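Engineer: Handing over run_35.txt, compact mmCIF, C-alpha atoms and all ligand atoms.
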# COMPACT_ATOMS: atom_id res chain seq x y z
CA MET A 26 10.21 17.77 -23.99
CA ASN A 27 11.48 15.23 -26.44
CA MET A 28 11.81 12.01 -24.54
CA LYS A 29 13.81 9.09 -25.87
CA ASP A 30 12.00 5.84 -26.56
CA LEU A 31 12.85 3.03 -24.17
CA LEU A 32 13.25 -0.63 -25.14
CA ILE A 33 13.10 -3.14 -22.29
CA LYS A 34 14.78 -6.12 -23.80
CA GLY A 35 14.63 -9.84 -23.08
CA GLY A 36 12.88 -9.82 -19.71
CA LYS A 37 10.26 -12.29 -18.57
CA VAL A 38 7.06 -10.32 -18.95
CA ILE A 39 4.36 -11.07 -16.36
CA ASP A 40 1.08 -9.58 -17.49
CA PRO A 41 -2.10 -11.40 -16.39
CA SER A 42 -4.23 -8.86 -18.30
CA GLN A 43 -2.97 -10.55 -21.48
CA GLY A 44 -2.16 -13.97 -20.06
CA ILE A 45 1.55 -13.42 -20.72
CA GLU A 46 4.31 -15.07 -18.70
CA SER A 47 7.16 -15.30 -21.18
CA ILE A 48 10.22 -13.56 -22.64
CA ARG A 49 9.22 -10.43 -24.53
CA ASP A 50 10.56 -7.02 -25.47
CA ILE A 51 8.61 -3.89 -24.61
CA LEU A 52 8.96 -0.58 -26.44
CA ILE A 53 7.77 2.55 -24.67
CA SER A 54 7.30 5.70 -26.72
CA GLY A 55 5.85 9.06 -25.66
CA GLY A 56 5.22 7.67 -22.19
CA ARG A 57 3.06 4.78 -23.42
CA ILE A 58 3.54 1.13 -24.34
CA LYS A 59 4.06 1.17 -28.09
CA SER A 60 4.62 -2.49 -28.68
CA LEU A 61 5.20 -5.77 -26.95
CA GLY A 62 6.71 -8.64 -28.84
CA GLU A 63 9.80 -10.64 -29.73
CA ASN A 64 12.98 -9.20 -31.17
CA ILE A 65 11.81 -5.61 -31.37
CA LYS A 66 14.46 -3.51 -33.15
CA ALA A 67 16.13 -0.95 -30.92
CA GLY A 68 16.53 1.77 -33.54
CA LYS A 69 17.40 5.00 -31.75
CA SER A 70 15.76 4.05 -28.47
CA GLU A 71 17.53 3.65 -25.16
CA VAL A 72 17.91 -0.06 -24.32
CA PHE A 73 17.47 -1.64 -20.90
CA ASP A 74 18.73 -5.21 -20.83
CA ALA A 75 16.23 -7.13 -18.70
CA SER A 76 17.51 -10.65 -19.32
CA GLY A 77 17.06 -12.75 -16.20
CA LEU A 78 14.64 -10.18 -14.78
CA LEU A 79 10.86 -10.06 -14.32
CA VAL A 80 9.04 -7.26 -16.13
CA MET A 81 5.63 -6.36 -14.68
CA PRO A 82 3.05 -3.60 -14.96
CA GLY A 83 4.11 -0.88 -12.48
CA LEU A 84 3.18 -1.70 -8.90
CA ILE A 85 0.73 0.67 -7.20
CA ASP A 86 0.67 1.05 -3.42
CA MET A 87 -2.82 2.11 -2.37
CA HIS A 88 -1.89 3.06 1.18
CA VAL A 89 1.18 5.18 1.92
CA HIS A 90 1.86 7.88 4.50
CA LEU A 91 4.20 10.41 2.92
CA ARG A 92 3.92 12.59 6.06
CA GLU A 93 4.22 15.92 4.21
CA PRO A 94 3.00 18.46 5.20
CA GLY A 95 3.52 18.48 8.94
CA PHE A 96 5.74 15.52 9.73
CA GLU A 97 8.72 16.08 7.43
CA GLU A 98 11.16 14.79 10.06
CA ALA A 99 9.67 11.31 9.40
CA GLU A 100 9.26 11.45 5.59
CA THR A 101 8.73 13.91 2.77
CA ILE A 102 6.96 13.44 -0.52
CA MET A 103 10.41 13.24 -2.17
CA THR A 104 11.97 10.71 0.23
CA GLY A 105 8.81 8.62 0.28
CA CYS A 106 8.86 8.50 -3.51
CA GLU A 107 12.54 7.50 -3.46
CA ALA A 108 11.64 4.65 -1.12
CA ALA A 109 8.74 3.64 -3.36
CA ALA A 110 10.94 3.63 -6.48
CA ARG A 111 13.56 1.57 -4.63
CA GLY A 112 10.87 -0.90 -3.65
CA GLY A 113 9.57 -1.27 -7.21
CA PHE A 114 6.44 0.85 -6.95
CA THR A 115 5.66 3.27 -9.76
CA ALA A 116 2.70 4.91 -8.01
CA VAL A 117 1.62 5.58 -4.45
CA CYS A 118 -1.50 6.91 -2.82
CA ALA A 119 -0.77 9.67 -0.30
CA MET A 120 -2.98 9.25 2.76
CA PRO A 121 -4.54 12.46 4.12
CA ASN A 122 -3.66 12.34 7.83
CA THR A 123 -1.02 15.03 7.48
CA ASP A 124 -0.93 18.37 9.32
CA PRO A 125 -2.93 20.07 7.99
CA PRO A 126 -4.88 17.11 6.62
CA THR A 127 -5.77 16.84 2.94
CA ASP A 128 -9.33 18.04 3.38
CA ASP A 129 -9.85 20.58 0.58
CA SER A 130 -8.91 21.06 -3.06
CA GLY A 131 -6.03 23.41 -2.21
CA ARG A 132 -4.44 20.70 -0.08
CA VAL A 133 -4.83 18.17 -2.90
CA LYS A 134 -3.13 20.57 -5.31
CA TYR A 135 -0.33 21.21 -2.81
CA ILE A 136 0.53 17.49 -2.71
CA LEU A 137 0.50 17.21 -6.48
CA GLU A 138 2.76 20.25 -6.81
CA ARG A 139 5.21 18.85 -4.27
CA ALA A 140 5.18 15.54 -6.17
CA ASN A 141 5.93 17.20 -9.48
CA ASN A 142 9.62 16.32 -9.53
CA ALA A 143 9.25 12.93 -7.84
CA LYS A 144 10.11 9.64 -9.51
CA GLU A 145 6.61 8.41 -8.85
CA ARG A 146 3.03 9.03 -9.66
CA VAL A 147 1.46 10.34 -6.47
CA TYR A 148 -2.29 10.02 -6.07
CA PRO A 149 -3.71 12.14 -3.26
CA ILE A 150 -6.37 10.56 -1.06
CA GLY A 151 -8.65 13.17 0.44
CA ALA A 152 -10.05 13.06 3.95
CA ILE A 153 -13.71 12.03 4.25
CA THR A 154 -14.45 14.70 6.84
CA ARG A 155 -13.06 18.15 7.62
CA ARG A 156 -9.96 17.90 9.81
CA ARG A 157 -10.77 14.15 9.91
CA HIS A 158 -13.03 14.95 12.85
CA GLY A 159 -15.82 12.71 11.61
CA LYS A 160 -18.50 15.40 11.52
CA GLU A 161 -18.67 17.45 8.32
CA LEU A 162 -18.04 15.96 4.87
CA VAL A 163 -15.34 17.49 2.66
CA GLU A 164 -16.15 18.97 -0.77
CA MET A 165 -15.59 15.72 -2.67
CA GLN A 166 -16.39 17.00 -6.14
CA GLU A 167 -13.92 19.92 -5.92
CA MET A 168 -11.25 17.65 -4.52
CA VAL A 169 -11.76 15.12 -7.32
CA HIS A 170 -11.35 17.94 -9.84
CA ALA A 171 -8.10 18.85 -8.10
CA GLY A 172 -6.86 15.26 -8.39
CA ALA A 173 -8.05 13.23 -5.39
CA VAL A 174 -8.61 9.58 -6.35
CA GLY A 175 -10.35 8.40 -3.16
CA PHE A 176 -11.37 9.41 0.35
CA SER A 177 -10.31 8.15 3.75
CA ASP A 178 -10.11 9.38 7.35
CA ASP A 179 -7.32 6.81 7.81
CA GLY A 180 -5.97 6.61 11.33
CA VAL A 181 -9.52 6.65 12.59
CA SER A 182 -12.94 5.37 11.56
CA VAL A 183 -15.90 7.57 10.81
CA ALA A 184 -17.65 6.95 14.13
CA ASP A 185 -21.01 8.46 13.16
CA ALA A 186 -22.87 6.00 10.94
CA SER A 187 -25.01 8.71 9.33
CA VAL A 188 -21.86 10.59 8.27
CA MET A 189 -20.50 7.37 6.78
CA MET A 190 -23.77 6.79 4.94
CA ASN A 191 -23.62 10.26 3.37
CA ALA A 192 -19.93 9.81 2.58
CA LEU A 193 -20.63 6.57 0.71
CA ARG A 194 -23.46 8.25 -1.22
CA TYR A 195 -21.35 11.26 -2.24
CA ALA A 196 -18.34 9.13 -3.07
CA GLY A 197 -20.62 6.98 -5.21
CA MET A 198 -21.83 10.10 -7.03
CA VAL A 199 -18.30 11.34 -7.77
CA GLY A 200 -17.23 7.80 -8.68
CA LYS A 201 -14.36 7.49 -6.20
CA PRO A 202 -13.83 4.90 -3.49
CA ILE A 203 -14.18 5.40 0.25
CA ILE A 204 -11.13 3.72 1.78
CA ALA A 205 -12.18 2.71 5.28
CA HIS A 206 -9.92 2.29 8.30
CA GLU A 207 -12.19 0.13 10.44
CA GLU A 208 -11.70 0.35 14.18
CA ASP A 209 -14.08 0.99 17.03
CA ALA A 210 -12.12 3.60 18.99
CA ASP A 211 -14.06 2.94 22.20
CA ILE A 212 -13.18 -0.74 22.19
CA ASP A 213 -9.55 -0.11 21.29
CA ARG A 214 -8.98 2.84 23.67
CA GLY A 215 -5.64 2.44 25.44
CA GLY A 216 -4.84 -0.71 23.42
CA GLN A 217 -1.24 -1.56 22.60
CA MET A 218 -1.38 -4.89 20.77
CA ASN A 219 -3.74 -7.69 19.77
CA ASP A 220 -5.98 -8.82 22.60
CA GLY A 221 -5.31 -12.41 23.63
CA ALA A 222 -3.03 -14.73 25.54
CA VAL A 223 0.12 -12.78 24.62
CA SER A 224 -1.28 -9.40 25.72
CA THR A 225 -2.43 -10.94 29.00
CA GLU A 226 0.98 -12.48 29.59
CA LEU A 227 2.76 -9.19 28.81
CA GLY A 228 0.29 -7.13 30.80
CA LEU A 229 -0.47 -4.90 27.81
CA HIS A 230 -3.93 -3.54 27.07
CA GLY A 231 -5.42 -5.48 24.16
CA MET A 232 -7.07 -4.47 20.89
CA PRO A 233 -9.56 -7.24 20.08
CA GLY A 234 -10.41 -8.27 16.54
CA ILE A 235 -14.04 -7.27 17.12
CA ALA A 236 -12.98 -3.59 17.23
CA GLU A 237 -12.25 -4.04 13.51
CA GLU A 238 -15.03 -6.49 12.72
CA THR A 239 -17.95 -4.51 14.18
CA LEU A 240 -17.09 -1.52 11.97
CA VAL A 241 -16.48 -3.71 8.90
CA GLN A 242 -19.89 -5.26 9.51
CA ARG A 243 -21.55 -1.84 9.95
CA ASP A 244 -20.00 -0.23 6.87
CA ILE A 245 -20.73 -3.21 4.64
CA ALA A 246 -24.35 -3.01 5.80
CA ILE A 247 -24.41 0.71 4.94
CA ALA A 248 -22.77 0.14 1.55
CA GLU A 249 -25.29 -2.60 0.83
CA TYR A 250 -28.11 -0.22 1.72
CA THR A 251 -26.77 2.72 -0.32
CA GLY A 252 -25.79 0.40 -3.17
CA THR A 253 -22.35 1.98 -3.41
CA GLY A 254 -18.89 0.45 -3.34
CA ILE A 255 -16.57 0.49 -0.33
CA HIS A 256 -12.90 -0.37 0.03
CA ILE A 257 -11.72 -1.63 3.40
CA THR A 258 -8.03 -1.14 4.04
CA HIS A 259 -5.49 -3.13 6.06
CA ILE A 260 -7.82 -5.92 7.10
CA SER A 261 -6.25 -8.11 9.74
CA THR A 262 -8.57 -10.70 11.26
CA LEU A 263 -10.17 -14.03 10.47
CA GLY A 264 -13.57 -12.53 11.29
CA THR A 265 -13.11 -9.69 8.79
CA VAL A 266 -12.14 -12.14 6.05
CA SER A 267 -15.32 -14.16 6.72
CA ILE A 268 -17.55 -11.06 6.75
CA ILE A 269 -16.11 -9.78 3.45
CA ARG A 270 -16.23 -13.20 1.83
CA ALA A 271 -19.93 -13.52 2.67
CA ALA A 272 -20.66 -9.94 1.55
CA LYS A 273 -18.97 -10.51 -1.81
CA LYS A 274 -20.99 -13.68 -2.25
CA ARG A 275 -24.26 -11.78 -1.91
CA GLY A 276 -23.07 -9.17 -4.38
CA VAL A 277 -22.01 -6.26 -2.16
CA ARG A 278 -19.46 -4.07 -3.95
CA VAL A 279 -16.79 -4.42 -1.30
CA THR A 280 -13.05 -4.63 -1.97
CA CYS A 281 -10.18 -4.79 0.51
CA ASP A 282 -6.43 -4.88 0.99
CA VAL A 283 -3.99 -6.45 3.42
CA THR A 284 -0.44 -5.44 4.39
CA PRO A 285 2.65 -7.64 4.02
CA HIS A 286 3.18 -7.55 7.80
CA HIS A 287 -0.31 -8.88 8.52
CA LEU A 288 0.34 -11.67 6.00
CA VAL A 289 3.61 -12.70 7.62
CA LEU A 290 4.11 -11.65 11.27
CA THR A 291 2.21 -12.60 14.44
CA GLU A 292 1.55 -11.05 17.84
CA ASP A 293 4.16 -13.33 19.45
CA LEU A 294 6.86 -10.92 18.23
CA VAL A 295 5.53 -8.23 20.57
CA SER A 296 6.95 -10.20 23.53
CA THR A 297 10.34 -8.78 22.49
CA PHE A 298 8.88 -5.33 23.33
CA ASP A 299 10.52 -4.10 20.13
CA THR A 300 8.46 -1.07 19.10
CA ARG A 301 9.00 -1.96 15.45
CA TYR A 302 6.25 -4.54 16.02
CA LYS A 303 3.79 -1.89 17.15
CA MET A 304 1.27 -0.94 14.50
CA ASN A 305 -2.44 -0.40 14.02
CA PRO A 306 -4.15 -2.72 13.28
CA PRO A 307 -1.83 -4.74 15.53
CA LEU A 308 -0.11 -7.97 14.57
CA ARG A 309 -2.67 -10.70 15.15
CA SER A 310 -2.70 -14.44 15.92
CA LYS A 311 -1.52 -17.34 13.77
CA ASP A 312 -5.16 -18.13 12.89
CA ASP A 313 -5.65 -14.57 11.65
CA VAL A 314 -2.48 -14.76 9.51
CA GLU A 315 -3.70 -18.07 8.05
CA ALA A 316 -7.10 -16.50 7.32
CA VAL A 317 -5.75 -13.44 5.48
CA ARG A 318 -3.46 -15.70 3.44
CA THR A 319 -6.42 -17.89 2.49
CA GLY A 320 -8.49 -14.79 1.73
CA LEU A 321 -5.75 -13.44 -0.50
CA VAL A 322 -5.54 -16.69 -2.45
CA ASP A 323 -9.31 -17.24 -2.83
CA GLY A 324 -9.92 -13.67 -4.03
CA THR A 325 -11.68 -12.34 -0.93
CA ILE A 326 -8.76 -9.95 -0.54
CA ASP A 327 -8.19 -7.95 -3.70
CA ALA A 328 -4.95 -6.12 -3.07
CA ILE A 329 -1.73 -5.90 -1.07
CA ALA A 330 -0.90 -2.40 0.24
CA THR A 331 1.89 -1.49 2.63
CA ASP A 332 0.40 1.13 5.01
CA HIS A 333 3.96 2.55 4.92
CA ALA A 334 3.96 4.59 8.15
CA PRO A 335 7.36 6.18 8.79
CA HIS A 336 8.00 7.65 12.22
CA TYR A 337 10.74 9.89 13.50
CA ILE A 338 13.09 7.68 15.52
CA GLU A 339 12.36 9.45 18.80
CA LEU A 340 8.71 8.42 18.55
CA LYS A 341 9.75 4.77 18.30
CA GLU A 342 12.75 4.62 20.62
CA MET A 343 10.78 4.67 23.83
CA GLU A 344 8.83 2.34 26.04
CA PHE A 345 6.40 0.14 24.10
CA ILE A 346 3.29 1.70 25.63
CA TYR A 347 4.36 5.23 24.63
CA ALA A 348 5.77 4.48 21.16
CA ALA A 349 3.91 5.51 18.00
CA PHE A 350 1.93 2.98 15.94
CA GLY A 351 3.23 2.16 12.46
CA VAL A 352 5.90 0.53 10.33
CA THR A 353 7.54 1.36 7.03
CA GLY A 354 6.92 -0.98 4.12
CA LEU A 355 7.67 0.39 0.65
CA GLU A 356 11.17 -1.03 0.30
CA THR A 357 10.48 -4.49 1.72
CA ALA A 358 7.01 -5.32 0.34
CA LEU A 359 7.98 -6.98 -2.93
CA GLY A 360 10.83 -9.00 -1.42
CA VAL A 361 8.64 -10.14 1.48
CA VAL A 362 5.84 -11.14 -0.89
CA HIS A 363 8.38 -13.05 -3.01
CA ARG A 364 9.86 -14.92 -0.04
CA GLU A 365 6.68 -15.62 1.93
CA LEU A 366 3.99 -15.99 -0.71
CA VAL A 367 5.66 -16.84 -4.04
CA GLU A 368 8.42 -19.16 -2.80
CA SER A 369 5.87 -20.95 -0.60
CA GLY A 370 3.68 -21.54 -3.66
CA LEU A 371 0.69 -19.52 -2.39
CA LEU A 372 0.85 -16.96 -5.20
CA THR A 373 2.21 -17.01 -8.75
CA TRP A 374 3.93 -13.90 -10.14
CA SER A 375 0.77 -13.24 -12.14
CA ASP A 376 -1.18 -13.26 -8.88
CA VAL A 377 1.33 -10.77 -7.43
CA VAL A 378 0.73 -8.44 -10.38
CA MET A 379 -3.02 -8.78 -9.86
CA LYS A 380 -2.77 -7.92 -6.14
CA MET A 381 -0.18 -5.15 -6.41
CA SER A 382 -0.93 -3.51 -9.76
CA GLN A 383 -4.13 -4.61 -11.47
CA ALA A 384 -6.48 -4.49 -8.47
CA PRO A 385 -5.23 -1.13 -7.13
CA SER A 386 -5.57 0.38 -10.61
CA ARG A 387 -9.12 -0.95 -10.94
CA ILE A 388 -10.26 0.03 -7.43
CA LEU A 389 -8.83 3.56 -7.69
CA GLY A 390 -9.80 4.06 -11.33
CA VAL A 391 -6.27 5.07 -12.27
CA GLU A 392 -4.22 3.97 -15.27
CA GLY A 393 -1.95 0.97 -15.06
CA GLY A 394 -2.20 -2.71 -14.21
CA THR A 395 -1.43 -3.78 -17.79
CA LEU A 396 1.29 -3.71 -20.43
CA LYS A 397 -1.12 -3.73 -23.37
CA GLU A 398 -0.24 -1.56 -26.34
CA GLY A 399 -1.40 1.98 -25.65
CA ALA A 400 -1.29 1.56 -21.87
CA VAL A 401 0.66 3.94 -19.66
CA GLY A 402 4.42 3.19 -19.70
CA ASP A 403 4.74 2.29 -16.02
CA VAL A 404 6.84 -0.82 -15.51
CA THR A 405 8.45 -2.58 -12.56
CA VAL A 406 11.57 -4.60 -13.32
CA TYR A 407 12.40 -7.07 -10.57
CA ASN A 408 15.54 -9.13 -10.08
CA PRO A 409 14.33 -12.33 -8.38
CA ASP A 410 17.87 -13.43 -7.72
CA ALA A 411 19.48 -10.52 -5.87
CA PRO A 412 19.36 -11.38 -2.17
CA TRP A 413 19.84 -8.64 0.41
CA ARG A 414 19.51 -8.22 4.12
CA VAL A 415 17.12 -5.56 5.42
CA ASP A 416 19.25 -2.94 7.15
CA PRO A 417 17.03 -0.20 8.63
CA HIS A 418 19.88 2.28 8.29
CA LYS A 419 20.30 1.73 4.56
CA MET A 420 16.77 2.60 3.52
CA LYS A 421 15.75 5.38 1.17
CA SER A 422 12.92 6.19 3.53
CA LYS A 423 13.78 8.89 6.05
CA SER A 424 12.62 6.53 8.78
CA SER A 425 13.95 3.16 9.87
CA ASN A 426 10.96 1.58 11.61
CA THR A 427 10.72 -1.58 9.51
CA ALA A 428 9.33 -4.74 11.10
CA PHE A 429 11.43 -6.82 8.70
CA PHE A 430 14.83 -5.66 9.99
CA GLY A 431 17.56 -8.27 9.70
CA ARG A 432 15.61 -10.48 7.31
CA GLU A 433 17.15 -11.80 4.15
CA LEU A 434 14.95 -11.18 1.13
CA PRO A 435 15.50 -13.01 -2.16
CA GLY A 436 15.24 -10.20 -4.67
CA GLN A 437 14.92 -6.49 -5.30
CA ALA A 438 13.65 -4.08 -7.90
CA ALA A 439 16.23 -3.55 -10.64
CA ALA A 440 14.45 -0.59 -12.18
CA THR A 441 11.23 1.33 -11.95
CA ILE A 442 9.93 2.98 -15.07
CA VAL A 443 7.31 5.74 -14.82
CA GLY A 444 5.82 7.03 -18.05
CA GLY A 445 8.76 5.59 -19.97
CA VAL A 446 11.35 7.31 -17.75
CA LEU A 447 13.86 4.82 -16.40
CA TYR A 448 15.14 4.86 -12.84
CA MET A 449 17.83 2.28 -12.27
CA ASN A 450 17.89 0.91 -8.80
CA TYR A 451 21.28 0.48 -7.28
CA GLN A 452 21.83 -3.19 -6.61
CA GLU A 453 22.96 -3.90 -3.08
CA GLN A 454 24.92 -6.92 -2.03
CA PRO A 455 23.85 -8.82 1.08
ZN ZN B 1 -5.31 2.90 9.09
ZN ZN B 2 -2.52 4.09 7.28
Written as structure tokens, that's how I'd like the structure from this file.
Ligand SMILES: [Zn+2]
Ligand SMILES: [Zn+2]
Structural biologist:
Amino acid sequence: MNMKDLLIKGGKVIDPSQGIESIRDILISGGRIKSLGENIKAGKSEVFDASGLLVMPGLIDMHVHLREPGFEEAETIMTGCEAAARGGFTAVCAMPNTDPPTDDSGRVKYILERANNAKERVYPIGAITRRRHGKELVEMQEMVHAGAVGFSDDGVSVADASVMMNALRYAGMVGKPIIAHEEDADIDRGGQMNDGAVSTELGLHGMPGIAEETLVQRDIAIAEYTGTGIHITHISTLGTVSIIRAAKKRGVRVTCDVTPHHLVLTEDLVSTFDTRYKMNPPLRSKDDVEAVRTGLVDGTIDAIATDHAPHYIELKEMEFIYAAFGVTGLETALGVVHRELVESGLLTWSDVVMKMSQAPSRILGVEGGTLKEGAVGDVTVYNPDAPWRVDPHKMKSKSSNTAFFGRELPGQAAATIVGGVLYMNYQEQP
């Protein structure tokens, strides 16, 4: 196919890989960045006027539930990719807790085939164990050949430490990360929200931070012993931040991510009994929110990932104790990060690119994270001055369970560009 060249003109380019934060033009040809400079001639290329807009390496969301196969009433690969494109992401990782789960090479191929016509790059994450039952390891090598970029039993931890030890060894051999959901299921059994004063007051069964921290501690110890890397996803507590900070200091190859909701919202919201505040890990205390913010700024936390977890409305519109865990996140992440972390001065836009593009690309070993000449032509164009109010019923996602409903966010993606192909995002008025 003969694809037209694309010239992104006059935007403010934010690319920490080259130390650039200034007005530049970018020419994409044959799916790759051909040049980056000032006053690049358009020639026969298609021109996208980016004046007044931020132009960043394409954002990569390391943790997304696309729900297909098995839960298509909540999301499909196509609708999830639409939501991702709307939110400014050019690539998403598809978590394996589908039905059937992504636990062999055929399942990996199925996801890639279904993603063929999507606006996004979709990177399948394989399960660590067959059926995610925590017993028998999957065939990692075959799955990597089929296109898996990492392994996770997300939704649950690998309870058996010897299985986790073997998983880390095999993942190390095939050069792909283990992405660990850390939660002691015995401690958290029956839990509804963070354990503390609020859960006591509401009479809800609590999920204490130590359910996360004991497993983080265990798996870091195993990774240190096996000498392999480990990625810990959706960290949520002060204790976890301290454990990871100390581990990094002594040279353990541990990386981690945090969600926008754990950076912004606290357990107090649960007192509304709105099921849109029910997720796992649960919203934590103010001290925990402070700690993950500090960890993000000081480099303990490498990446921001959404844990986009769409649910069919009937699984959310019920009593709090029966409702499903999980919130959507693809369409609100960038606006929330802008409002809460950039406007407050915690992060610069270069930091945002590091946390949402560079670090995910590095951890997963996939292309992206830079706009250097020759790099893949994945670009996020963001309008920082296009306020909108989050209306759950106007989302591209098939599901409406966002915890940021009703909030005004300062900006929105103006375009997402994947391999030089431009998708304009419809600008909504508040
Ligand atoms: Zn999880
Ligand atoms: Zn998840």
Engineer: Using all atoms listed in the file, which residues of chain A come within 10 Å of ligand ZN 1 (chain B), and what is the closest atom pair for each, with the distance in Å to one decimal? Give it as JSON lines, sorted by chain and residue number.
Structural biologist:
{"residue": "A:His88", "atom": "CA", "partner": "B:ZN1", "partner_atom": "ZN", "distance": 8.6}
{"residue": "A:Val89", "atom": "CA", "partner": "B:ZN1", "partner_atom": "ZN", "distance": 9.9}
{"residue": "A:His90", "atom": "CA", "partner": "B:ZN1", "partner_atom": "ZN", "distance": 9.9}
{"residue": "A:Met120", "atom": "CA", "partner": "B:ZN1", "partner_atom": "ZN", "distance": 9.3}
{"residue": "A:Asn122", "atom": "CA", "partner": "B:ZN1", "partner_atom": "ZN", "distance": 9.7}
{"residue": "A:Ser177", "atom": "CA", "partner": "B:ZN1", "partner_atom": "ZN", "distance": 9.0}
{"residue": "A:Asp178", "atom": "CA", "partner": "B:ZN1", "partner_atom": "ZN", "distance": 8.2}
{"residue": "A:Asp179", "atom": "CA", "partner": "B:ZN1", "partner_atom": "ZN", "distance": 4.6}
{"residue": "A:Gly180", "atom": "CA", "partner": "B:ZN1", "partner_atom": "ZN", "distance": 4.4}
{"residue": "A:Val181", "atom": "CA", "partner": "B:ZN1", "partner_atom": "ZN", "distance": 6.6}
{"residue": "A:Ser182", "atom": "CA", "partner": "B:ZN1", "partner_atom": "ZN", "distance": 8.4}
{"residue": "A:Ile204", "atom": "CA", "partner": "B:ZN1", "partner_atom": "ZN", "distance": 9.4}
{"residue": "A:Ala205", "atom": "CA", "partner": "B:ZN1", "partner_atom": "ZN", "distance": 7.9}
{"residue": "A:His206", "atom": "CA", "partner": "B:ZN1", "partner_atom": "ZN", "distance": 4.7}
{"residue": "A:Glu207", "atom": "CA", "partner": "B:ZN1", "partner_atom": "ZN", "distance": 7.5}
{"residue": "A:Glu208", "atom": "CA", "partner": "B:ZN1", "partner_atom": "ZN", "distance": 8.6}
{"residue": "A:Ile257", "atom": "CA", "partner": "B:ZN1", "partner_atom": "ZN", "distance": 9.7}
{"residue": "A:Thr258", "atom": "CA", "partner": "B:ZN1", "partner_atom": "ZN", "distance": 7.0}
{"residue": "A:His259", "atom": "CA", "partner": "B:ZN1", "partner_atom": "ZN", "distance": 6.8}
{"residue": "A:Ile260", "atom": "CA", "partner": "B:ZN1", "partner_atom": "ZN", "distance": 9.4}
{"residue": "A:Met304", "atom": "CA", "partner": "B:ZN1", "partner_atom": "ZN", "distance": 9.3}
{"residue": "A:Asn305", "atom": "CA", "partner": "B:ZN1", "partner_atom": "ZN", "distance": 6.6}
{"residue": "A:Pro306", "atom": "CA", "partner": "B:ZN1", "partner_atom": "ZN", "distance": 7.1}
{"residue": "A:Asp332", "atom": "CA", "partner": "B:ZN1", "partner_atom": "ZN", "distance": 7.2}
{"residue": "A:Ala334", "atom": "CA", "partner": "B:ZN1", "partner_atom": "ZN", "distance": 9.5}
{"residue": "A:Phe350", "atom": "CA", "partner": "B:ZN1", "partner_atom": "ZN", "distance": 10.0}
{"residue": "A:Gly351", "atom": "CA", "partner": "B:ZN1", "partner_atom": "ZN", "distance": 9.2}
Engineer: May I have the protein, DNA and RNA residues with any atom at most 9 Å from the point (-6.8, 15.3, -9.4), counting all atoms listed in the file, written as a list in words?
Structural biologist: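 Within 9 Å of (-6.8, 15.3, -9.4), the protein and nucleic acid residues are Ser130, Val133, Lys134, Leu137, Tyr148, Pro149, Met168, Val169, His170, Ala171, Gly172, Ala173 and Val174 of chain A.
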Engineer: A:Asp40, A:Ile51, A:Met87, A:Asp209: which is nearest ligand ZN 2 (chain B), counting all atoms listed in the file?
Structural biologist: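 Nearest candidate to ligand ZN 2 (chain B) out of A:Asp40, A:Ile51, A:Met87, A:Asp209: A:Met87.
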Engineer: Pull the closest atom pair for each residue of stretch 106-176 of chain A that gets at most 10 Å from stretch 377-390 of chain A, along with the distance in Å to one decimal, counting all atoms listed in the file, ordering rows by chain and then ascending residue number, as JSON lines.
Structural biologist:
{"residue": "A:Phe114", "atom": "CA", "partner": "A:Met381", "partner_atom": "CA", "distance": 9.0}
{"residue": "A:Thr115", "atom": "CA", "partner": "A:Ser382", "partner_atom": "CA", "distance": 9.5}
{"residue": "A:Ala116", "atom": "CA", "partner": "A:Ser382", "partner_atom": "CA", "distance": 9.3}
{"residue": "A:Val117", "atom": "CA", "partner": "A:Pro385", "partner_atom": "CA", "distance": 10.0}
{"residue": "A:Cys118", "atom": "CA", "partner": "A:Leu389", "partner_atom": "CA", "distance": 9.4}
{"residue": "A:Tyr148", "atom": "CA", "partner": "A:Leu389", "partner_atom": "CA", "distance": 9.3}
{"residue": "A:Ile150", "atom": "CA", "partner": "A:Leu389", "partner_atom": "CA", "distance": 10.0}
{"residue": "A:Ala173", "atom": "CA", "partner": "A:Leu389", "partner_atom": "CA", "distance": 10.0}
{"residue": "A:Val174", "atom": "CA", "partner": "A:Leu389", "partner_atom": "CA", "distance": 6.2}
{"residue": "A:Gly175", "atom": "CA", "partner": "A:Leu389", "partner_atom": "CA", "distance": 6.8}
Engineer: Distance atom CA of A:Ser310-atom CA of A:Glu342, one decimal place?
Structural biologist: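 Atom-to-atom, atom CA of A:Ser310 and atom CA of A:Glu342 are spaced 25.0 Å apart.
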Engineer: Identify, on the basis of only C-alpha atoms, every residue whose closest approach to stretch 162-165 of chain A does not exceed 6 Å; exclude the query and any residue fewer than 5 positions from it along the same chain; express the result as an mmCIF file with C-alpha atoms, keeping the file's coordinate frame.
Structural biologist:
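Generated file (result26.cif):
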data_model
loop_
_atom_site.group_PDB
_atom_site.id
_atom_site.type_symbol
_atom_site.label_atom_id
_atom_site.label_comp_id
_atom_site.auth_asym_id
_atom_site.auth_seq_id
_atom_site.Cartn_x
_atom_site.Cartn_y
_atom_site.Cartn_z
ATOM 1 C CA ILE A 153 -13.710 12.030 4.250
ATOM 2 C CA THR A 154 -14.450 14.700 6.840
ATOM 3 C CA ARG A 155 -13.060 18.150 7.620
#
Engineer: From the options A:Leu355, A:Leu321, A:Ile48, A:Ile58, which residue's atoms come nearest to A:Ser422, counting all atoms listed in the file?
Structural biologist: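 Counting all atoms listed in the file, the residue closest to A:Ser422 is A:Leu355.
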Engineer: Would you please work out which residue, of A:Asp323, A:Glu292, A:Glu344, A:Glu97, is nearest to A:Lys311 when using all atoms listed in the file?
Structural biologist: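 That would be A:Glu292, the residue with the smallest distance to A:Lys311.
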